[in-house]
Every structure is written in structure tokens, then in C-alpha cells.
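**Student:** My structure is below; once you've seen it, I'll send some questions.
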2 protein chains.
Amino acid sequence: MQIDLDILFTWGAIAKVYKKNETIFFEEEMANFYYQIIEGSVRMFNSNDEGKEFTQGYFSNGQSFGEPPLFIDEVYPSTAIVCQESKIIKLSKDKFLKIIDEYPQIQRKFLKTLAIRINSKAKTAKDIINQKPEFRIISFLNSIKKNSDPLQKELVPFTRQEIANFTGLRVETVIRVFSKMNECKKVDIIKHKIYY
Amino acid sequence: MQIDLDILFTWGAIAKVYKKNETIFFEEEMANFYYQIIEGSVRMFNSNDEGKEFTQGYFSNGQSFGEPPLFIDEVYPSTAIVCQESKIIKLSKDKFLKIIDEYPQIQRKFLKTLAIRINSKAKTAKDIINQKPEFRIISFLNSIKKNSDPLQKELVPFTRQEIANFTGLRVETVIRVFSKMNECKKVDIIKHKIYY
DNA sequence: CGGTTCCTTGAGGATGATCAACGAGGGTGG
DNA sequence: CCACCCTCGTTGATCATCCTCAAGGAACCG
């Protein structure tokens with residue numbers, strides 16, 4: 001989902017540049033701003049006591065993130081950091097909610113956005129419960145694959161650690177599963193790069 | 001979220017009685033109706049090849065369910081069945097979307113509802129990844145507990161199997177965890193009933 | 001009181017996590 | 001061009017844990 005930049009700036013939004021690995025907001029922090037990425041990418045994740053991380057989602061150019069808590073006066077369920085230097089628009093919660101009220105089409109688009117996210121979270125939950133590391137990894141690969149043709153393999157633009165964080169597995173497990181999948185021709189691995 | 005019954009009936013909704021364990025819609029089925037429970041309760045879940053189930057959510061009196069796919073022309077990510085004889089309102093997708101357009105306050109409420117669900121799904125995902133059966137179970141117990149006072153224990157109205165389905169664990173594991181939690185006084189078990 | 005559903009326990013096994021160590025690649029500065 | 005560093009990938013051994021399977025007990029309901 002993205003709101004037109006003209007509208008955002010008219011309502012007093014500011015653009016801020018975040019350095020690589022800078023945190024935008026923390027888990028449990030009250031939600032006070034609407035964020036929309038002009039350029040760059042953002043990762044939302046949770047980490048547990050032992051430092052193990054779980055990635056809730058990646059967001060990039062043009063996308064907004066962290067909006068749900070704004071609608072319900074809640075805290076953020078996850079932490080958000082930028083993966084690379086990023087330019088991000090920031091608008092106060094009040095103004096954001098006013099925009100929503102003012103422009104019904106925008107509200108409608110948010111409804112769609114949230115519906116999409118619920119669907120994808122439902123899918124993720126289902127696949128994670130399903131145990132079986134290979135199953136989890138395949139469903140992650142499917143979720144990021146652009147074309148759906150199994151014959152036309154594309155580069156998987158994630159490190160094994162990142163995939164581990166997405167699937168809730170450990171790096172070593174991810175590596176071993178990929179080795180097996182390579183043997184079974186389910187993926188190609190060329191120079192350590194994964195193609196699916 | 002619930003829409004006023006007068007409005008629903010005015011727009012041609014009908015109420016239908018479902019028998020216990022009857023299926024309302026299946027996973028992967030196209031979403032064509034809006035459903036709202038007048039009386040009864042509904043469970044949405046996925047099951048994998050080996051018959052292991054994962055419960056995505058329970059819904060009861062007054063609540064609507066299965067709306068997200070309506071907004072985005074999608075199929076249902078899970079199956080919905082009634083847990084007990086239930087009276088449920090059914091309205092066609094077209095009419096539902098018209099109501100949404102017609103009444104901005106209703107649209108706004110749906111935005112809130114979806115935001116709440118995203119938050120709770122994010123939490124669930126986080127807790128499930130966190131491994132540790134006891135941790136998963138406690139977070140499930142917290143999510144259903146009415147009062148938040150740990151001293152004032154209340155009956156947990158779910159069977160061990162149901163809790164297993166919610167947490168993605170096996171019955172035996174759930175039972176063993178509860179036995180331990182009983183010893184540590186984290187829960188009370190009286191006549192096999194669990195109090196938390 | 002018979003049947004059904006739910007709960008319980010034990011033994012055994014599979015599997016993913018953990019720990020530790022090393023290899024490969026890419027980029028940077030001398 | 002080489003040396004160094006840093007991140008990422010890889011491998012093997014060991015361990016803890018949850019699942020599986022099997023069998024039996026308890027509660028509840030008509």
C-alpha cells in the first residue's frame with residue numbers, strides 16, 4: 001500500500017534517511033507514526049531471549065509498514081530496521097488517521113492491504129506448523145518467487161541465515177536441506193548461489 | 001466485527017442454521033459470501049496430509065469471519081466448521097462490498113478488525129517460532145484468559161487436543177507440559193480440568 | 001451400564017538444535 | 001597484486017527434545 005507523496009507532504013509528512021541497520025521502531029513501543037518507504041528496504045522481526053530471530057516481513061520501495069497498530073492504539077508487535085540506507089516518509093498518527101477519513105479510496109486500499117497480509121500470515125502459520133524443514137523452505141521459496149514456472153529457475157536473493165530467520169530454522173538445517181534439494185534437482189546451486 | 005442485523009437483512013442476507021461439525025467453507029474454495037455468527041461458534045483450521053490440524057482461530061456470537069479473501073478476490077486459506085449447532089448470517093460478496101462502500105463507519109470498523117487480527121497473528125507466529133512447548137502453551141493461555149490477574153485462576157475451556165491444535169503440538173506433549181506446570185504451580189489441575 | 005470421548009503413561013526413535021571448526025568469496029587498503 | 005578481514009557457507013559429532021506408537025484409565029452421557 002502506498003499513499004500519494006503529494007498528499008503525504010501536503011499533510012506535513014517528512015522524509016528521513018536511515019542508515020544501514022538503523023532501527024525505526026522497537027517491539028512493544030507505542031505506534032505513533034505512519035511510515036512509507038521512498039527508497040530502500042525494511043525488515044520487521046522478533047528476537048527471543050537467545051537471540052534467535054523470526055522475520056515477520058520485508059518491505060521495500062513504495063510500501064508502507066507498521067500500520068496495523070495505528071488503527072487500534074496498540075504497540076508494535078515487532079522491531080523494524082532498515083536493511084540498507086533508506087529514505088522513508090514519516091507522518092504522525094493523527095494526521096494519518098485524518099487522511100484515512102478524508103479519502104475513502106485510500107481507506108479502501110488499506111483494507112485490501114491488510115486483507116492480503118492476513119492471508120499471507122495465515123499461510124505462513126500453516127506452513128510453519130506443518131513441521132518438516134523442507135516443506136517450510138519450499139513454501140517460503142514459493143512465496144518469494146516471481147514467476148510460477150518451476151522450469152524457469154530464478155536466483156534466490158537471500159542468504160541462508162535470512163531464510164533460516166524466515167522459516168524459524170537454524171542455518172545449518174537450512175544448508176543441509178538445500179544440499180538435499182540440490183541432489184533431488186528441486187533447486188540448483190551454482191557457486192553457492194541458490195536458484196529456484 | 002459485526003454489521004447491524006437490520007442492515008444485513010435489508011440487503012438480502014439470510015440466516016442459516018448449521019448442524020454441529022458441518023463445514024461452512026473449505027480451504028482453497030473461492031470466497032463468495034460474508035458470514036456473521038448470530039449464535040454458536042466456528043473454528044477455522046488447516047489440516048496437513050497426516051491429518052494433523054492447526055487452528056487459525058475461533059469465532060463466536062456476533063463475530064464475522066472469513067472476510068479477508070472477500071476484499072481481494074482470493075480463496076480461503078483455511079476450512080471453517082461449526083463447533084456446535086449455530087445460526088449464521090450469509091450475504092453475497094457483491095452486496096457485502098456494496099455495504100462497505102455505502103457505510104464508511106462500517107468500513108472503518110473492518111479496518112480495525114483486520115488490524116487486530118494481524119497483530120494477533122504476528123504474536124502467534126512469534127510464539128510458535130520460539131519453540132519451547134511450555135512457552136507456546138502459556139502464550140496461548142494468555143491469549144484466551146479474560147482477566148489478567150495471575151492469582152485469579154479461571155477454567156480453561158479447551159480440551160488438551162484442542163490446545164494441541166492451537167499450538168501445533170501433540171496431545172501427549174500438551175499433557176506432559178501441563179503436568180509439569182501443575183507441579184510448578186503455574187496452573188491448577190482439578191479433576192483433569194485446567195485452571196489458569 | 002455400555003459407549004464415546006478425553007486423558008495418561010511409558011518406551012523408543014527420529015530429527016533438528018547445538019557446538020566447534022574450517023572453507024570460500026568478495027572487498028579494501030597497502 | 002597480495003594480504004587481510006569479514007561475512008557467508010559447510011561439515012561432522014553429539015545431544016535434547018518432541019513425536020510416535022501402544023495400551024490402558026477416567027469421566028461423562030444417554
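Identifiers in the C-alpha cells: chain A, B, ... in order shown; residue index from 1 per chain; ligand index from 1 in order shown.
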Kindly provide the residues of chain D that approach chain B to within 12 Å, each paired with its closest atom pair and their distance in Å to one decimal, based on only C-alpha atoms (C1' of nucleotides), listed by chain and increasing number, as a tab-separated table.

**Tutor:**
```
residue	atom	partner	partner_atom	distance
D:DA16	C1'	B:Lys132	CA	11.8
D:DT17	C1'	B:Lys132	CA	9.4
D:DC18	C1'	B:Thr173	CA	7.3
D:DC19	C1'	B:Arg170	CA	7.5
D:DT20	C1'	B:Arg170	CA	10.0
D:DC21	C1'	B:Glu172	CA	11.6
D:DA26	C1'	B:His192	CA	9.1
D:DA27	C1'	B:Lys191	CA	9.0
```

**Student:** For chain B, report every residue with an atom at most 9 Å from chain C (counting only C-alpha atoms (C1' of nucleotides)), formatted as a PyMOL selection string.

**Tutor:** chain B and resi 159-161+172+175-176+192

**Student:** Within 9 Å of Lys52 (chain A), counting only C-alpha atoms (C1' of nucleotides), which residues qualify if same-chain residues fewer than 2 places away don't, as a list in words?

**Tutor:**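 The contact residues come out as Asn46, Ser47, Asn48, Asp49, Glu50, Phe54, Asn165, Gly168 and Arg170 of chain A; Asn130 of chain B.
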
**Student:** Using only N, CA, C and O atoms, please write the residues we just selected to a file, as a PDB file, in the first residue's frame.

**Tutor:**
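Below is the file that was written, selection.pdb:
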```pdb
ATOM      1  N   ASN A  46      11.085 -10.363  15.174  1.00  0.00           N
ATOM      2  CA  ASN A  46      11.114 -10.561  16.623  1.00  0.00           C
ATOM      3  C   ASN A  46      12.376 -11.315  16.951  1.00  0.00           C
ATOM      4  O   ASN A  46      12.836 -12.124  16.171  1.00  0.00           O
ATOM      5  N   SER A  47      12.917 -11.046  18.132  1.00  0.00           N
ATOM      6  CA  SER A  47      14.004 -11.932  18.554  1.00  0.00           C
ATOM      7  C   SER A  47      13.725 -12.399  19.973  1.00  0.00           C
ATOM      8  O   SER A  47      13.195 -11.663  20.790  1.00  0.00           O
ATOM      9  N   ASN A  48      14.065 -13.647  20.221  1.00  0.00           N
ATOM     10  CA  ASN A  48      13.810 -14.189  21.559  1.00  0.00           C
ATOM     11  C   ASN A  48      15.045 -14.049  22.441  1.00  0.00           C
ATOM     12  O   ASN A  48      16.066 -13.520  22.014  1.00  0.00           O
ATOM     13  N   ASP A  49      14.928 -14.531  23.653  1.00  0.00           N
ATOM     14  CA  ASP A  49      15.982 -14.382  24.653  1.00  0.00           C
ATOM     15  C   ASP A  49      17.345 -14.850  24.165  1.00  0.00           C
ATOM     16  O   ASP A  49      18.370 -14.255  24.472  1.00  0.00           O
ATOM     17  N   GLU A  50      17.361 -15.957  23.387  1.00  0.00           N
ATOM     18  CA  GLU A  50      18.661 -16.484  22.954  1.00  0.00           C
ATOM     19  C   GLU A  50      19.159 -15.817  21.669  1.00  0.00           C
ATOM     20  O   GLU A  50      20.113 -16.281  21.051  1.00  0.00           O
ATOM     21  N   PHE A  54      13.031 -14.093  14.254  1.00  0.00           N
ATOM     22  CA  PHE A  54      11.998 -14.514  13.316  1.00  0.00           C
ATOM     23  C   PHE A  54      11.549 -13.296  12.514  1.00  0.00           C
ATOM     24  O   PHE A  54      11.116 -12.290  13.076  1.00  0.00           O
ATOM     25  N   ASN A 165      15.895 -17.317   9.325  1.00  0.00           N
ATOM     26  CA  ASN A 165      15.083 -16.406  10.129  1.00  0.00           C
ATOM     27  C   ASN A 165      13.631 -16.371   9.679  1.00  0.00           C
ATOM     28  O   ASN A 165      12.725 -16.167  10.484  1.00  0.00           O
ATOM     29  N   GLY A 168      12.195 -19.970  10.728  1.00  0.00           N
ATOM     30  CA  GLY A 168      12.305 -20.403  12.115  1.00  0.00           C
ATOM     31  C   GLY A 168      13.214 -21.613  12.272  1.00  0.00           C
ATOM     32  O   GLY A 168      13.121 -22.332  13.250  1.00  0.00           O
ATOM     33  N   ARG A 170      17.374 -23.288  11.833  1.00  0.00           N
ATOM     34  CA  ARG A 170      18.752 -22.860  12.058  1.00  0.00           C
ATOM     35  C   ARG A 170      19.522 -22.906  10.744  1.00  0.00           C
ATOM     36  O   ARG A 170      19.190 -23.703   9.863  1.00  0.00           O
TER      37      ARG A 170
ATOM     38  N   ASN B 130       9.269 -19.493  18.597  1.00  0.00           N
ATOM     39  CA  ASN B 130      10.054 -19.506  19.827  1.00  0.00           C
ATOM     40  C   ASN B 130      10.260 -20.913  20.384  1.00  0.00           C
ATOM     41  O   ASN B 130      10.782 -21.073  21.477  1.00  0.00           O
TER      42      ASN B 130
END
```

**Student:** Return as a Markdown table the residues of chain A lying at most 6 Å from chain B, together with the closest atom-to-atom pair for each and the distance in Å to one decimal, counting only C-alpha atoms, with rows in chain order and ascending residue number.

**Tutor:**
```
| residue | atom | partner | partner_atom | distance |
| --- | --- | --- | --- | --- |
| A:Pro68 | CA | B:Ala115 | CA | 4.6 |
| A:Phe71 | CA | B:Lys112 | CA | 5.7 |
| A:Leu111 | CA | B:Leu111 | CA | 5.7 |
| A:Lys112 | CA | B:Phe71 | CA | 5.7 |
| A:Ala115 | CA | B:Pro68 | CA | 4.6 |
| A:Ile118 | CA | B:Ile118 | CA | 5.7 |
| A:Ile129 | CA | B:Gly168 | CA | 5.5 |
| A:Gly168 | CA | B:Ile129 | CA | 5.5 |
```

**Student:** For the selection just defined, write its residues with N, CA, C and O atoms to a file, as a compact mmCIF listing (two decimals), in the first residue's frame.

**Tutor:**
```
# COMPACT_ATOMS: atom_id res chain seq x y z
N PRO A 68 -0.88 -1.47 11.11
CA PRO A 68 -1.98 -2.03 11.91
C PRO A 68 -2.11 -1.43 13.31
O PRO A 68 -3.22 -1.05 13.71
N PHE A 71 -4.25 1.79 13.86
CA PHE A 71 -5.72 1.75 13.83
C PHE A 71 -6.32 1.37 15.16
O PHE A 71 -7.50 1.58 15.40
N LEU A 111 -7.71 -1.49 3.44
CA LEU A 111 -8.48 -2.69 3.75
C LEU A 111 -7.91 -3.86 2.92
O LEU A 111 -7.68 -4.95 3.44
N LYS A 112 -7.67 -3.58 1.66
CA LYS A 112 -7.10 -4.62 0.79
C LYS A 112 -5.72 -5.04 1.28
O LYS A 112 -5.40 -6.23 1.36
N ALA A 115 -5.95 -7.15 4.26
CA ALA A 115 -6.50 -8.47 3.91
C ALA A 115 -5.41 -9.35 3.31
O ALA A 115 -5.29 -10.53 3.65
N ILE A 118 -3.12 -10.55 6.11
CA ILE A 118 -3.70 -11.61 6.93
C ILE A 118 -3.59 -12.93 6.21
O ILE A 118 -3.18 -13.93 6.77
N ILE A 129 3.68 -24.68 11.09
CA ILE A 129 3.18 -25.75 11.94
C ILE A 129 3.42 -27.10 11.30
O ILE A 129 3.71 -28.08 11.96
N GLY A 168 12.19 -19.97 10.73
CA GLY A 168 12.31 -20.40 12.12
C GLY A 168 13.21 -21.61 12.27
O GLY A 168 13.12 -22.33 13.25
```

**Student:** Write down as a PyMOL selection string the residues of region 2-195 of chain B whose backbone DSSP state falls under strand (DSSP E).

**Tutor:** chain B and resi 14-18+23-25+33-39+41-47+53-60+64-65+79-82+86-92+188-190+193-195

**Student:** Enumerate as a PyMOL selection string all residues of chain A assigned to alpha helix (DSSP H) by DSSP on the backbone, naming them with the chain letters and numbers the document uses.

**Tutor:** chain A and resi 5-10+68-71+93-102+104-129+133-144+160-167+171-183

**Student:** Hey, can you check how far CA of Phe25 (chain A) sits from CA of Ile81 (chain A)?

**Tutor:** 7.4 Å

**Student:** Excluding same-chain residues fewer than 3 positions from Leu5 (chain B), what lies within 12 Å of it counting only C-alpha atoms (C1' of nucleotides), as number ranges by chain?

**Tutor:** B: 2, 8-15, 35-38, 62-64, 88-91

**Student:** I need the chosen residues saved as a PDB file, in the first residue's frame, with N, CA, C and O atoms.

**Tutor:**
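Result saved to part.pdb:
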```pdb
ATOM      1  N   GLN B   2     -19.006  -6.782  13.769  1.00  0.00           N
ATOM      2  CA  GLN B   2     -20.321  -7.203  13.317  1.00  0.00           C
ATOM      3  C   GLN B   2     -21.091  -6.058  12.687  1.00  0.00           C
ATOM      4  O   GLN B   2     -20.982  -4.904  13.086  1.00  0.00           O
ATOM      5  N   LEU B   8     -28.051  -5.884   7.425  1.00  0.00           N
ATOM      6  CA  LEU B   8     -27.795  -7.127   6.700  1.00  0.00           C
ATOM      7  C   LEU B   8     -29.055  -7.672   6.040  1.00  0.00           C
ATOM      8  O   LEU B   8     -29.060  -8.015   4.854  1.00  0.00           O
ATOM      9  N   PHE B   9     -30.150  -7.712   6.823  1.00  0.00           N
ATOM     10  CA  PHE B   9     -31.384  -8.266   6.274  1.00  0.00           C
ATOM     11  C   PHE B   9     -31.946  -7.374   5.179  1.00  0.00           C
ATOM     12  O   PHE B   9     -32.481  -7.854   4.173  1.00  0.00           O
ATOM     13  N   THR B  10     -31.824  -6.066   5.376  1.00  0.00           N
ATOM     14  CA  THR B  10     -32.297  -5.137   4.357  1.00  0.00           C
ATOM     15  C   THR B  10     -31.614  -5.410   3.023  1.00  0.00           C
ATOM     16  O   THR B  10     -32.203  -5.285   1.956  1.00  0.00           O
ATOM     17  N   TRP B  11     -30.358  -5.772   3.103  1.00  0.00           N
ATOM     18  CA  TRP B  11     -29.604  -6.020   1.869  1.00  0.00           C
ATOM     19  C   TRP B  11     -29.737  -7.461   1.385  1.00  0.00           C
ATOM     20  O   TRP B  11     -29.010  -7.893   0.502  1.00  0.00           O
ATOM     21  N   GLY B  12     -30.627  -8.175   1.989  1.00  0.00           N
ATOM     22  CA  GLY B  12     -30.909  -9.509   1.452  1.00  0.00           C
ATOM     23  C   GLY B  12     -30.158 -10.668   2.077  1.00  0.00           C
ATOM     24  O   GLY B  12     -30.067 -11.742   1.490  1.00  0.00           O
ATOM     25  N   ALA B  13     -29.606 -10.456   3.252  1.00  0.00           N
ATOM     26  CA  ALA B  13     -28.910 -11.558   3.907  1.00  0.00           C
ATOM     27  C   ALA B  13     -29.916 -12.593   4.394  1.00  0.00           C
ATOM     28  O   ALA B  13     -31.077 -12.270   4.659  1.00  0.00           O
ATOM     29  N   ILE B  14     -29.470 -13.839   4.505  1.00  0.00           N
ATOM     30  CA  ILE B  14     -30.325 -14.864   5.074  1.00  0.00           C
ATOM     31  C   ILE B  14     -29.604 -15.530   6.238  1.00  0.00           C
ATOM     32  O   ILE B  14     -28.380 -15.580   6.268  1.00  0.00           O
ATOM     33  N   ALA B  15     -30.397 -16.015   7.191  1.00  0.00           N
ATOM     34  CA  ALA B  15     -29.795 -16.724   8.313  1.00  0.00           C
ATOM     35  C   ALA B  15     -29.933 -18.206   8.053  1.00  0.00           C
ATOM     36  O   ALA B  15     -30.962 -18.677   7.570  1.00  0.00           O
ATOM     37  N   TYR B  35     -19.953 -13.958   6.183  1.00  0.00           N
ATOM     38  CA  TYR B  35     -20.598 -14.738   7.244  1.00  0.00           C
ATOM     39  C   TYR B  35     -20.517 -14.019   8.576  1.00  0.00           C
ATOM     40  O   TYR B  35     -19.472 -13.479   8.942  1.00  0.00           O
ATOM     41  N   GLN B  36     -21.607 -14.032   9.313  1.00  0.00           N
ATOM     42  CA  GLN B  36     -21.615 -13.434  10.650  1.00  0.00           C
ATOM     43  C   GLN B  36     -22.427 -14.326  11.572  1.00  0.00           C
ATOM     44  O   GLN B  36     -23.551 -14.717  11.243  1.00  0.00           O
ATOM     45  N   ILE B  37     -21.849 -14.649  12.713  1.00  0.00           N
ATOM     46  CA  ILE B  37     -22.493 -15.602  13.619  1.00  0.00           C
ATOM     47  C   ILE B  37     -23.555 -14.911  14.466  1.00  0.00           C
ATOM     48  O   ILE B  37     -23.273 -13.921  15.134  1.00  0.00           O
ATOM     49  N   ILE B  38     -24.775 -15.416  14.419  1.00  0.00           N
ATOM     50  CA  ILE B  38     -25.813 -14.906  15.314  1.00  0.00           C
ATOM     51  C   ILE B  38     -25.676 -15.631  16.639  1.00  0.00           C
ATOM     52  O   ILE B  38     -25.646 -15.026  17.701  1.00  0.00           O
ATOM     53  N   GLY B  62     -21.908 -13.046  17.408  1.00  0.00           N
ATOM     54  CA  GLY B  62     -21.755 -11.672  16.973  1.00  0.00           C
ATOM     55  C   GLY B  62     -20.581 -11.430  16.039  1.00  0.00           C
ATOM     56  O   GLY B  62     -20.525 -10.407  15.366  1.00  0.00           O
ATOM     57  N   GLN B  63     -19.638 -12.367  16.012  1.00  0.00           N
ATOM     58  CA  GLN B  63     -18.449 -12.118  15.191  1.00  0.00           C
ATOM     59  C   GLN B  63     -18.625 -12.548  13.738  1.00  0.00           C
ATOM     60  O   GLN B  63     -19.350 -13.478  13.432  1.00  0.00           O
ATOM     61  N   SER B  64     -17.921 -11.833  12.871  1.00  0.00           N
ATOM     62  CA  SER B  64     -17.866 -12.254  11.481  1.00  0.00           C
ATOM     63  C   SER B  64     -16.547 -12.995  11.280  1.00  0.00           C
ATOM     64  O   SER B  64     -15.649 -12.883  12.095  1.00  0.00           O
ATOM     65  N   ILE B  88     -26.129 -18.758  11.524  1.00  0.00           N
ATOM     66  CA  ILE B  88     -25.154 -17.878  10.885  1.00  0.00           C
ATOM     67  C   ILE B  88     -25.751 -17.121   9.716  1.00  0.00           C
ATOM     68  O   ILE B  88     -26.474 -17.686   8.891  1.00  0.00           O
ATOM     69  N   ILE B  89     -25.450 -15.828   9.674  1.00  0.00           N
ATOM     70  CA  ILE B  89     -25.944 -14.979   8.597  1.00  0.00           C
ATOM     71  C   ILE B  89     -25.017 -15.075   7.400  1.00  0.00           C
ATOM     72  O   ILE B  89     -23.798 -15.110   7.548  1.00  0.00           O
ATOM     73  N   LYS B  90     -25.615 -15.086   6.225  1.00  0.00           N
ATOM     74  CA  LYS B  90     -24.864 -15.258   4.996  1.00  0.00           C
ATOM     75  C   LYS B  90     -25.300 -14.168   4.032  1.00  0.00           C
ATOM     76  O   LYS B  90     -26.492 -13.952   3.826  1.00  0.00           O
ATOM     77  N   LEU B  91     -24.315 -13.475   3.440  1.00  0.00           N
ATOM     78  CA  LEU B  91     -24.642 -12.412   2.489  1.00  0.00           C
ATOM     79  C   LEU B  91     -23.671 -12.503   1.322  1.00  0.00           C
ATOM     80  O   LEU B  91     -22.472 -12.739   1.521  1.00  0.00           O
TER      81      LEU B  91
END
```

**Student:** Grab the CA of Glu22 (chain B) to C1' of DG30 (chain D) distance for me, in Å with one decimal place.

**Tutor:**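 So the two atoms, CA of Glu22 (chain B) and C1' of DG30 (chain D), lie 22.5 Å apart.
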
**Student:** Could you please determine the separation between CA of Lys186 (chain B) and CA of Glu27 (chain A) in Å, to one decimal place?

**Tutor:**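 So the two atoms, CA of Lys186 (chain B) and CA of Glu27 (chain A), lie 26.3 Å apart.
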